[in-house]
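This is coords_36.cif. It holds mmCIF, C-alpha atoms.
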```
data_structure
#
loop_
_atom_site.group_PDB
_atom_site.id
_atom_site.type_symbol
_atom_site.label_atom_id
_atom_site.label_comp_id
_atom_site.auth_asym_id
_atom_site.auth_seq_id
_atom_site.Cartn_x
_atom_site.Cartn_y
_atom_site.Cartn_z
ATOM 1 C CA MET R 1 54.408 -110.456 -132.945
ATOM 2 C CA GLN R 2 55.789 -113.937 -133.540
ATOM 3 C CA LYS R 3 59.069 -114.922 -131.973
ATOM 4 C CA HIS R 4 60.446 -118.218 -133.183
ATOM 5 C CA MET R 5 62.711 -120.439 -131.138
ATOM 6 C CA PRO R 6 66.083 -121.438 -132.558
ATOM 7 C CA SER R 7 66.621 -125.157 -133.091
ATOM 8 C CA GLY R 8 68.913 -125.689 -130.048
ATOM 9 C CA LEU R 9 67.743 -124.642 -126.590
ATOM 10 C CA ASP R 10 69.832 -121.725 -125.391
ATOM 11 C CA LEU R 11 68.803 -121.145 -121.786
ATOM 12 C CA GLN R 12 70.887 -118.028 -121.467
ATOM 13 C CA ARG R 13 69.254 -116.393 -124.455
ATOM 14 C CA LEU R 14 65.825 -117.551 -123.382
ATOM 15 C CA TYR R 15 66.357 -115.973 -119.978
ATOM 16 C CA ASP R 16 67.657 -112.717 -121.433
ATOM 17 C CA GLU R 17 64.708 -112.414 -123.783
ATOM 18 C CA HIS R 18 61.828 -113.551 -121.590
ATOM 19 C CA ALA R 19 62.716 -113.527 -117.896
ATOM 20 C CA GLN R 20 61.601 -109.913 -117.474
ATOM 21 C CA VAL R 21 58.155 -110.584 -118.962
ATOM 22 C CA LEU R 22 57.715 -113.721 -116.852
ATOM 23 C CA PHE R 23 58.936 -111.981 -113.717
ATOM 24 C CA ALA R 24 56.478 -109.082 -114.067
ATOM 25 C CA PHE R 25 53.553 -111.411 -114.770
ATOM 26 C CA LEU R 26 54.400 -113.789 -111.941
ATOM 27 C CA LEU R 27 55.050 -110.998 -109.474
ATOM 28 C CA ASN R 28 51.637 -109.546 -110.276
ATOM 29 C CA ILE R 29 49.775 -112.823 -109.845
ATOM 30 C CA THR R 30 51.710 -114.309 -106.923
ATOM 31 C CA ARG R 31 52.223 -110.984 -105.108
ATOM 32 C CA ASP R 32 55.251 -112.570 -103.514
ATOM 33 C CA GLU R 33 58.863 -112.242 -104.584
ATOM 34 C CA HIS R 34 59.921 -115.645 -103.228
ATOM 35 C CA ASP R 35 57.093 -117.429 -104.998
ATOM 36 C CA THR R 36 57.900 -115.533 -108.174
ATOM 37 C CA ARG R 37 61.464 -116.741 -107.981
ATOM 38 C CA ASP R 38 60.383 -120.328 -107.249
ATOM 39 C CA VAL R 39 58.027 -120.400 -110.221
ATOM 40 C CA LEU R 40 60.580 -118.768 -112.519
ATOM 41 C CA GLN R 41 63.133 -121.343 -111.382
ATOM 42 C CA ASP R 42 60.666 -124.182 -112.014
ATOM 43 C CA ILE R 43 60.006 -122.889 -115.520
ATOM 44 C CA PHE R 44 63.686 -122.883 -116.451
ATOM 45 C CA ILE R 45 64.221 -126.308 -114.893
ATOM 46 C CA LYS R 46 61.321 -127.665 -116.949
ATOM 47 C CA LEU R 47 62.775 -126.129 -120.084
ATOM 48 C CA ALA R 48 66.239 -127.492 -119.329
ATOM 49 C CA ARG R 49 64.848 -130.975 -118.759
ATOM 50 C CA GLN R 50 62.487 -130.962 -121.709
ATOM 51 C CA PRO R 51 63.840 -128.706 -124.446
ATOM 52 C CA ALA R 52 61.265 -130.232 -126.790
ATOM 53 C CA LEU R 53 58.562 -128.290 -124.932
ATOM 54 C CA LEU R 54 59.417 -125.244 -127.006
ATOM 55 C CA SER R 55 59.756 -126.991 -130.330
ATOM 56 C CA GLY R 56 56.063 -126.741 -131.156
ATOM 57 C CA ALA R 57 55.562 -123.212 -129.815
ATOM 58 C CA ARG R 58 54.605 -120.671 -132.469
ATOM 59 C CA ASP R 59 54.940 -117.713 -130.117
ATOM 60 C CA VAL R 60 57.567 -118.378 -127.467
ATOM 61 C CA ARG R 61 56.525 -115.492 -125.228
ATOM 62 C CA ALA R 62 52.878 -116.607 -125.219
ATOM 63 C CA PHE R 63 53.944 -120.193 -124.603
ATOM 64 C CA LEU R 64 56.178 -119.188 -121.689
ATOM 65 C CA LEU R 65 53.438 -117.071 -120.123
ATOM 66 C CA ARG R 66 51.081 -120.032 -120.386
ATOM 67 C CA LEU R 67 53.736 -122.249 -118.813
ATOM 68 C CA ALA R 68 54.222 -119.637 -116.075
ATOM 69 C CA HIS R 69 50.502 -119.587 -115.325
ATOM 70 C CA ASN R 70 50.319 -123.394 -115.189
ATOM 71 C CA THR R 71 53.391 -123.597 -112.977
ATOM 72 C CA TYR R 72 51.851 -121.009 -110.671
ATOM 73 C CA LEU R 73 48.666 -123.108 -110.463
ATOM 74 C CA ASP R 74 50.788 -126.150 -109.586
ATOM 75 C CA LEU R 75 52.366 -124.152 -106.788
ATOM 76 C CA VAL R 76 48.935 -123.165 -105.490
ATOM 77 C CA ARG R 77 47.750 -126.786 -105.583
ATOM 78 C CA ARG R 78 50.830 -127.953 -103.760
ATOM 79 C CA ARG R 79 50.286 -125.473 -100.985
ATOM 80 C CA GLY R 80 46.670 -126.302 -100.316
ATOM 81 C CA THR R 81 43.299 -124.943 -101.209
ATOM 82 C CA ARG R 82 43.319 -122.437 -103.979
ATOM 83 C CA SER R 83 40.922 -119.899 -102.541
ATOM 84 C CA LYS R 84 42.836 -119.708 -99.274
ATOM 85 C CA TYR R 85 46.083 -119.096 -101.098
ATOM 86 C CA HIS R 86 44.517 -116.520 -103.380
ATOM 87 C CA GLU R 87 43.273 -114.580 -100.408
ATOM 88 C CA GLN R 88 46.775 -114.598 -99.031
ATOM 89 C CA PHE R 89 48.158 -113.390 -102.363
ATOM 90 C CA GLY R 90 45.638 -110.602 -102.545
ATOM 91 C CA ALA R 91 46.495 -109.409 -99.073
ATOM 92 C CA GLU R 92 50.176 -108.972 -99.928
ATOM 93 C CA GLN R 93 51.270 -105.382 -100.471
ATOM 94 C CA LEU R 94 54.006 -105.465 -103.023
ATOM 95 C CA ALA R 95 55.603 -103.026 -105.430
ATOM 96 C CA VAL R 96 54.831 -104.350 -108.886
ATOM 97 C CA PHE R 97 56.002 -101.187 -110.650
ATOM 98 C CA ALA R 98 59.358 -99.496 -110.907
ATOM 99 C CA PRO R 99 59.906 -96.607 -108.458
ATOM 100 C CA ASP R 100 59.671 -93.044 -109.712
ATOM 101 C CA ASP R 101 61.220 -89.788 -108.553
ATOM 102 C CA ASN R 102 58.030 -87.860 -109.173
ATOM 103 C CA PRO R 103 55.954 -88.143 -105.970
ATOM 104 C CA ASP R 104 52.622 -87.981 -107.831
ATOM 105 C CA GLU R 105 53.631 -90.775 -110.190
ATOM 106 C CA SER R 106 55.082 -92.743 -107.340
ATOM 107 C CA ALA R 107 51.837 -92.407 -105.371
ATOM 108 C CA PHE R 108 49.809 -93.466 -108.410
ATOM 109 C CA ARG R 109 51.960 -96.556 -108.971
ATOM 110 C CA GLU R 110 51.734 -97.492 -105.322
ATOM 111 C CA ALA R 111 47.963 -97.108 -105.373
ATOM 112 C CA LEU R 112 47.698 -99.052 -108.646
ATOM 113 C CA SER R 113 49.801 -101.839 -107.218
ATOM 114 C CA GLY R 114 47.596 -101.975 -104.132
ATOM 115 C CA VAL R 115 44.323 -101.993 -106.078
ATOM 116 C CA LEU R 116 45.646 -104.680 -108.421
ATOM 117 C CA GLY R 117 46.353 -106.749 -105.334
ATOM 118 C CA GLU R 118 42.709 -106.462 -104.335
ATOM 119 C CA LEU R 119 41.486 -107.926 -107.623
ATOM 120 C CA PRO R 120 40.841 -111.668 -107.800
ATOM 121 C CA VAL R 121 43.890 -113.356 -109.284
ATOM 122 C CA GLU R 122 41.944 -114.447 -112.395
ATOM 123 C CA GLN R 123 41.083 -110.829 -113.201
ATOM 124 C CA ARG R 124 44.563 -109.650 -112.312
ATOM 125 C CA ALA R 125 46.167 -112.108 -114.728
ATOM 126 C CA VAL R 126 43.880 -110.977 -117.578
ATOM 127 C CA VAL R 127 44.420 -107.275 -116.835
ATOM 128 C CA HIS R 128 48.169 -107.800 -116.742
ATOM 129 C CA LEU R 129 48.318 -109.644 -120.049
ATOM 130 C CA LYS R 130 46.028 -107.112 -121.720
ATOM 131 C CA LEU R 131 47.649 -103.936 -120.461
ATOM 132 C CA TRP R 132 51.313 -104.807 -120.100
ATOM 133 C CA GLU R 133 51.745 -107.588 -122.649
ATOM 134 C CA ASN R 134 49.281 -106.113 -125.133
ATOM 135 C CA PHE R 135 47.713 -109.542 -125.710
ATOM 136 C CA THR R 136 44.441 -109.912 -127.596
ATOM 137 C CA PHE R 137 41.598 -111.669 -125.786
ATOM 138 C CA GLU R 138 42.212 -114.715 -127.979
ATOM 139 C CA GLN R 139 45.848 -114.821 -126.873
ATOM 140 C CA ILE R 140 44.849 -114.340 -123.242
ATOM 141 C CA ALA R 141 42.282 -117.098 -123.588
ATOM 142 C CA GLU R 142 44.927 -119.445 -124.929
ATOM 143 C CA ALA R 143 47.477 -118.528 -122.280
ATOM 144 C CA LEU R 144 45.082 -118.904 -119.358
ATOM 145 C CA ASP R 145 43.012 -121.736 -120.825
ATOM 146 C CA ILE R 146 39.717 -119.862 -120.663
ATOM 147 C CA PRO R 147 37.165 -118.841 -123.327
ATOM 148 C CA PRO R 148 37.831 -115.445 -125.024
ATOM 149 C CA ASN R 149 34.509 -114.090 -123.745
ATOM 150 C CA THR R 150 35.523 -114.917 -120.198
ATOM 151 C CA ALA R 151 38.836 -113.140 -120.744
ATOM 152 C CA ALA R 152 36.993 -110.082 -122.063
ATOM 153 C CA SER R 153 34.539 -109.978 -119.170
ATOM 154 C CA ARG R 154 37.284 -110.462 -116.579
ATOM 155 C CA TYR R 155 39.195 -107.584 -118.133
ATOM 156 C CA ARG R 156 36.120 -105.357 -118.096
ATOM 157 C CA TYR R 157 35.326 -106.136 -114.455
ATOM 158 C CA GLY R 158 38.947 -105.703 -113.418
ATOM 159 C CA LEU R 159 39.346 -102.434 -115.250
ATOM 160 C CA ASP R 160 36.085 -101.073 -113.836
ATOM 161 C CA LYS R 161 37.360 -101.744 -110.328
ATOM 162 C CA LEU R 162 40.694 -100.089 -111.071
ATOM 163 C CA ARG R 163 38.931 -97.109 -112.586
ATOM 164 C CA ALA R 164 36.562 -96.749 -109.647
ATOM 165 C CA ARG R 165 39.327 -96.974 -107.064
ATOM 166 C CA LEU R 166 41.935 -94.863 -108.854
ATOM 167 C CA ARG R 167 39.704 -92.207 -110.397
ATOM 168 C CA PRO R 168 40.307 -89.526 -107.733
ATOM 169 C CA LEU R 169 44.063 -89.943 -107.890
ATOM 170 C CA TYR R 170 44.028 -90.168 -111.652
ATOM 171 C CA ASN R 171 41.977 -86.976 -112.021
ATOM 172 C CA GLU R 172 44.297 -85.239 -109.643
ATOM 173 C CA ILE R 173 47.510 -85.964 -111.531
ATOM 174 C CA LYS R 174 46.054 -85.917 -115.064
ATOM 175 C CA MET E 1 39.608 -102.627 -128.898
ATOM 176 C CA ASN E 2 40.904 -99.107 -128.395
ATOM 177 C CA PHE E 3 42.328 -98.086 -125.079
ATOM 178 C CA ASP E 4 40.962 -94.978 -123.390
ATOM 179 C CA ASP E 5 43.133 -92.452 -121.569
ATOM 180 C CA PHE E 6 42.920 -94.289 -118.281
ATOM 181 C CA GLU E 7 44.054 -97.555 -119.834
ATOM 182 C CA LYS E 8 46.863 -95.777 -121.654
ATOM 183 C CA LYS E 9 47.939 -94.247 -118.379
ATOM 184 C CA LEU E 10 48.072 -97.720 -116.799
ATOM 185 C CA GLN E 11 49.995 -99.124 -119.750
ATOM 186 C CA ARG E 12 52.652 -96.462 -119.375
ATOM 187 C CA GLN E 13 53.498 -97.590 -115.848
ATOM 188 C CA PRO E 14 56.856 -99.366 -116.042
ATOM 189 C CA LEU E 15 56.969 -102.773 -114.398
ATOM 190 C CA ARG E 16 59.664 -103.721 -111.916
ATOM 191 C CA GLN E 17 62.843 -105.244 -113.286
ATOM 192 C CA VAL E 18 63.810 -108.809 -112.538
ATOM 193 C CA PRO E 19 66.573 -108.798 -109.867
ATOM 194 C CA ALA E 20 69.979 -109.146 -111.486
ATOM 195 C CA SER E 21 71.120 -111.632 -108.853
ATOM 196 C CA TRP E 22 68.541 -114.172 -110.030
ATOM 197 C CA HIS E 23 70.074 -114.541 -113.459
ATOM 198 C CA GLU E 24 73.070 -116.632 -112.488
ATOM 199 C CA SER E 25 71.429 -118.791 -109.817
ATOM 200 C CA ILE E 26 68.358 -119.670 -111.896
ATOM 201 C CA LEU E 27 70.390 -120.630 -114.944
ATOM 202 C CA ARG E 28 72.920 -122.579 -112.847
ATOM 203 C CA GLN E 29 70.203 -124.640 -111.176
ATOM 204 C CA ALA E 30 68.481 -125.230 -114.500
ATOM 205 C CA ARG E 31 71.739 -126.414 -116.073
ATOM 206 C CA GLU E 32 72.434 -128.712 -113.126
ATOM 207 C CA GLN E 33 69.094 -130.366 -113.810
ATOM 208 C CA THR E 34 70.093 -131.197 -117.372
ATOM 209 C CA HIS E 35 73.156 -133.083 -116.078
ATOM 210 C CA SER E 36 71.229 -135.062 -113.484
ATOM 211 C CA THR E 37 69.670 -137.479 -115.942
ATOM 212 C CA THR E 38 71.312 -140.691 -114.642
ATOM 213 C CA PRO E 39 68.854 -143.519 -113.807
ATOM 214 C CA ARG E 40 69.401 -142.968 -110.080
ATOM 215 C CA ALA E 41 68.793 -139.229 -110.338
ATOM 216 C CA MET E 42 65.703 -139.855 -112.439
ATOM 217 C CA LEU E 43 64.396 -142.360 -109.888
ATOM 218 C CA ILE E 44 64.953 -139.903 -107.060
ATOM 219 C CA HIS E 45 63.272 -137.208 -109.100
ATOM 220 C CA ALA E 46 60.298 -139.496 -109.816
ATOM 221 C CA VAL E 47 59.972 -140.292 -106.110
ATOM 222 C CA LEU E 48 60.144 -136.619 -105.229
ATOM 223 C CA ILE E 49 57.581 -135.713 -107.866
ATOM 224 C CA THR E 50 55.264 -138.466 -106.631
ATOM 225 C CA TRP E 51 55.681 -137.266 -103.096
ATOM 226 C CA ARG E 52 55.097 -133.645 -104.033
ATOM 227 C CA GLU E 53 52.183 -134.162 -106.414
ATOM 228 C CA LEU E 54 50.406 -137.194 -104.977
ATOM 229 C CA ILE E 55 51.231 -137.701 -101.322
ATOM 230 C CA GLN E 56 51.838 -134.245 -99.908
ATOM 231 C CA PRO E 57 48.546 -132.580 -100.916
ATOM 232 C CA GLY E 58 46.500 -135.310 -99.172
ATOM 233 C CA ARG E 59 49.002 -136.365 -96.559
ATOM 234 C CA TYR E 60 46.392 -136.680 -93.788
ATOM 235 C CA ALA E 61 44.214 -138.937 -95.911
ATOM 236 C CA TRP E 62 47.223 -141.062 -96.882
ATOM 237 C CA SER E 63 48.350 -141.282 -93.239
ATOM 238 C CA ALA E 64 44.869 -142.334 -92.133
ATOM 239 C CA MET E 65 44.737 -144.979 -94.854
ATOM 240 C CA ALA E 66 48.187 -146.280 -93.912
ATOM 241 C CA ALA E 67 47.204 -146.438 -90.230
ATOM 242 C CA LEU E 68 44.018 -148.309 -91.115
ATOM 243 C CA TRP E 69 45.919 -150.739 -93.293
ATOM 244 C CA LEU E 70 48.456 -151.310 -90.504
ATOM 245 C CA ALA E 71 45.665 -151.946 -88.013
ATOM 246 C CA PHE E 72 44.046 -154.502 -90.348
ATOM 247 C CA TRP E 73 47.389 -156.175 -90.931
ATOM 248 C CA MET E 74 48.078 -156.419 -87.227
ATOM 249 C CA ILE E 75 44.619 -157.842 -86.481
ATOM 250 C CA ASN E 76 44.983 -160.321 -89.311
ATOM 251 C CA SER E 77 48.444 -161.501 -88.261
ATOM 252 C CA HIS E 78 47.274 -161.752 -84.650
ATOM 253 C CA MET E 79 44.378 -164.001 -85.694
ATOM 254 C CA GLN E 80 46.691 -166.219 -87.747
ATOM 255 C CA VAL E 81 48.957 -166.681 -84.752
ATOM 256 C CA GLU E 82 46.022 -167.541 -82.513
ATOM 257 C CA GLU E 83 44.604 -170.360 -84.710
ATOM 258 C CA PRO E 84 47.398 -173.003 -84.359
ATOM 259 C CA ALA E 85 47.659 -172.195 -80.701
ATOM 260 C CA THR E 86 44.005 -173.067 -80.110
ATOM 261 C CA ARG E 87 44.450 -176.278 -82.128
ATOM 262 C CA LEU E 88 47.394 -177.261 -79.973
ATOM 263 C CA ALA E 89 45.445 -176.457 -76.855
ATOM 264 C CA ALA E 90 42.580 -178.638 -78.054
ATOM 265 C CA LYS E 91 45.010 -181.504 -78.670
ATOM 266 C CA SER E 92 46.454 -181.380 -75.225
ATOM 267 C CA SER E 93 43.196 -180.995 -73.304
ATOM 268 C CA PRO E 94 41.793 -184.217 -71.657
ATOM 269 C CA ALA E 95 38.244 -183.572 -72.944
ATOM 270 C CA ALA E 96 39.480 -183.628 -76.524
ATOM 271 C CA SER E 97 41.395 -186.904 -76.110
ATOM 272 C CA GLU E 98 38.253 -188.464 -74.590
ATOM 273 C CA GLN E 99 36.240 -187.346 -77.609
ATOM 274 C CA ILE E 100 38.812 -188.821 -79.984
ATOM 275 C CA GLY E 101 38.771 -192.118 -78.016
ATOM 276 C CA SER E 102 34.982 -192.395 -78.190
ATOM 277 C CA PHE E 103 35.059 -191.609 -81.925
ATOM 278 C CA VAL E 104 37.588 -194.443 -82.531
ATOM 279 C CA GLU E 105 35.417 -196.794 -80.465
ATOM 280 C CA GLN E 106 32.319 -195.861 -82.474
ATOM 281 C CA ARG E 107 34.134 -196.631 -85.731
ATOM 282 C CA ARG E 108 35.276 -200.027 -84.409
ATOM 283 C CA VAL E 109 31.719 -200.997 -83.404
ATOM 284 C CA LEU E 110 30.366 -199.862 -86.753
ATOM 285 C CA ALA E 111 32.984 -201.947 -88.558
ATOM 286 C CA GLU E 112 31.973 -205.042 -86.532
ATOM 287 C CA LEU E 113 28.292 -204.564 -87.356
ATOM 288 C CA THR E 114 28.660 -203.937 -91.058
ATOM 289 C CA GLY E 115 31.444 -206.436 -91.673
ATOM 290 C CA PRO E 116 34.514 -205.825 -93.771
ATOM 291 C CA ILE E 117 34.149 -203.141 -96.354
ATOM 292 C CA ASP E 118 34.450 -204.380 -99.919
ATOM 293 C CA LEU E 119 37.056 -202.146 -101.467
ATOM 294 C CA SER E 120 37.038 -203.839 -104.905
ATOM 295 C CA PRO E 121 36.130 -201.484 -107.716
ATOM 296 C CA ALA E 122 32.454 -201.390 -108.592
ATOM 297 C CA GLU E 123 31.300 -203.126 -111.755
ATOM 298 C CA ARG E 124 31.088 -200.720 -114.619
ATOM 299 C CA PRO E 125 27.563 -200.270 -116.000
ATOM 300 C CA ARG E 126 27.087 -202.213 -119.230
ATOM 301 C CA PRO E 127 26.651 -199.911 -122.161
ATOM 302 C CA SER E 128 23.102 -200.232 -123.375
ATOM 303 C CA ASP E 129 22.298 -201.043 -126.980
ATOM 304 C CA PRO E 130 21.157 -198.118 -129.051
ATOM 305 C CA LYS E 131 17.422 -197.869 -129.141
ATOM 306 C CA PRO E 132 15.789 -197.698 -132.525
ATOM 307 C CA HIS E 133 13.813 -194.530 -131.764
ATOM 308 C CA SER E 134 15.508 -192.465 -134.430
ATOM 309 C CA GLU E 135 15.059 -195.177 -137.062
ATOM 310 C CA ARG E 136 11.418 -195.481 -136.105
ATOM 311 C CA VAL E 137 10.953 -191.742 -136.633
ATOM 312 C CA LEU E 138 12.502 -192.067 -140.067
ATOM 313 C CA GLN E 139 10.188 -194.945 -140.930
ATOM 314 C CA ILE E 140 7.155 -192.912 -139.840
ATOM 315 C CA ARG E 141 8.316 -189.955 -141.926
ATOM 316 C CA SER E 142 8.963 -192.127 -144.990
ATOM 317 C CA CYS E 143 5.405 -193.450 -144.722
#
```

Full structure transcribed into structure tokens:
Amino acid sequence: MQKHMPSGLDLQRLYDEHAQVLFAFLLNITRDEHDTRDVLQDIFIKLARQPALLSGARDVRAFLLRLAHNTYLDLVRRRGTRSKYHEQFGAEQLAVFAPDDNPDESAFREALSGVLGELPVEQRAVVHLKLWENFTFEQIAEALDIPPNTAASRYRYGLDKLRARLRPLYNEIK
Amino acid sequence: MNFDDFEKKLQRQPLRQVPASWHESILRQAREQTHSTTPRAMLIHAVLITWRELIQPGRYAWSAMAALWLAFWMINSHMQVEEPATRLAAKSSPAASEQIGSFVEQRRVLAELTGPIDLSPAERPRPSDPKPHSERVLQIRSC
């Protein structure tokens, strides 16, 4: 799916079309609502300052997700050592999914959110882009600046962990 | 790559919506940034970026380096202040004036012994005539 950018930068339209995707991705990798907001704010400030950033983007959504990932990494670097911050992110318990009235579904989403938080952030980013953005491994590789094989293996490892941890609950509500 | 049932189940989980209150504030701040492109604002921004990207991550290292530099500067300036002071002290001390007196006396005696120094410019060495070595070589070769 290719989404082309209009010639003039319309921040309002850009926000309406892509903020939700960026929010979900950032919330899943930062595991912190304040950091998600900070990074989202940084992205739109960058775009407002340098509208030309988007001029060469073939797929705006993919470009913005790449920008979101890079801005997140900048945030991590600013705050200190990466591993320390990642551990902190992983420890956060945060609702990544919308609430549901059905208690079984609600419990599954809560458990999924928790298990996602236990994954290393690199795996979590790949799993998110694969499952909820429906990216190919080539697109993931481009967005996260990693080789496609690495993206594929991170997805496999991440999914195996999710499957192992959620299997009982999944079998129960299936 | 086909998704299995478990993956499909995960995909169906709806993600949380971006808070509605963020919309206005994020866009307002972004728009404010586009207006703050005066040279002063850009300079402030550059300073802030430098601080955030370069200084802040290694602030302890930068502080240590600054402290070291300050210490070197202080030592250096202290030594520069000390030097003329010691010269002045040497001038005013009686031992130094005695040494200077004996040095002047030595020069006077030396001048008496050697007579007046001829300060006229030395005679320039006379340029020597070119030697016929090269011609001789040519003569030998022609033979």

Enumerate as a list in words the residues belonging to chain R that approach chain E to within 7 Å, with all atoms listed in the file taken into account. Gln20, Phe23, Ala24, Gln41, Phe44, Ile45, Ala48, Arg49, Arg78, Gly80, Val96, Phe97, Ala98, Leu131 and Trp132 of chain R

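Separating CA of Gln123 in chain R from CA of Tyr155 in chain R is a distance of 6.2 Å.
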
Between R:Leu116, R:Val121, R:Leu54, R:Ala95, smallest distance to Leu144 in chain R by all atoms listed in the file belongs to R:Val121

Item to complete: Give me, please, the distance in Å between CA of Ala67 in chain E and CA of Arg79 in chain R, quoted to one decimal.
Response: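 Interatomic distance here is 23.8 Å.
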
Separating CA of Ala151 in chain R from CA of Val126 in chain R, to the nearest tenth of an Å, is a gap of 6.3 Å

**Message:** Expand the PyMOL selection byres ((chain R and resi 163) around 12) into the explicit residue set it covers here, and present it as number ranges by chain.
**Reply:** R: 111-112, 115-116, 155-162, 164-171; E: 4-7, 9-10
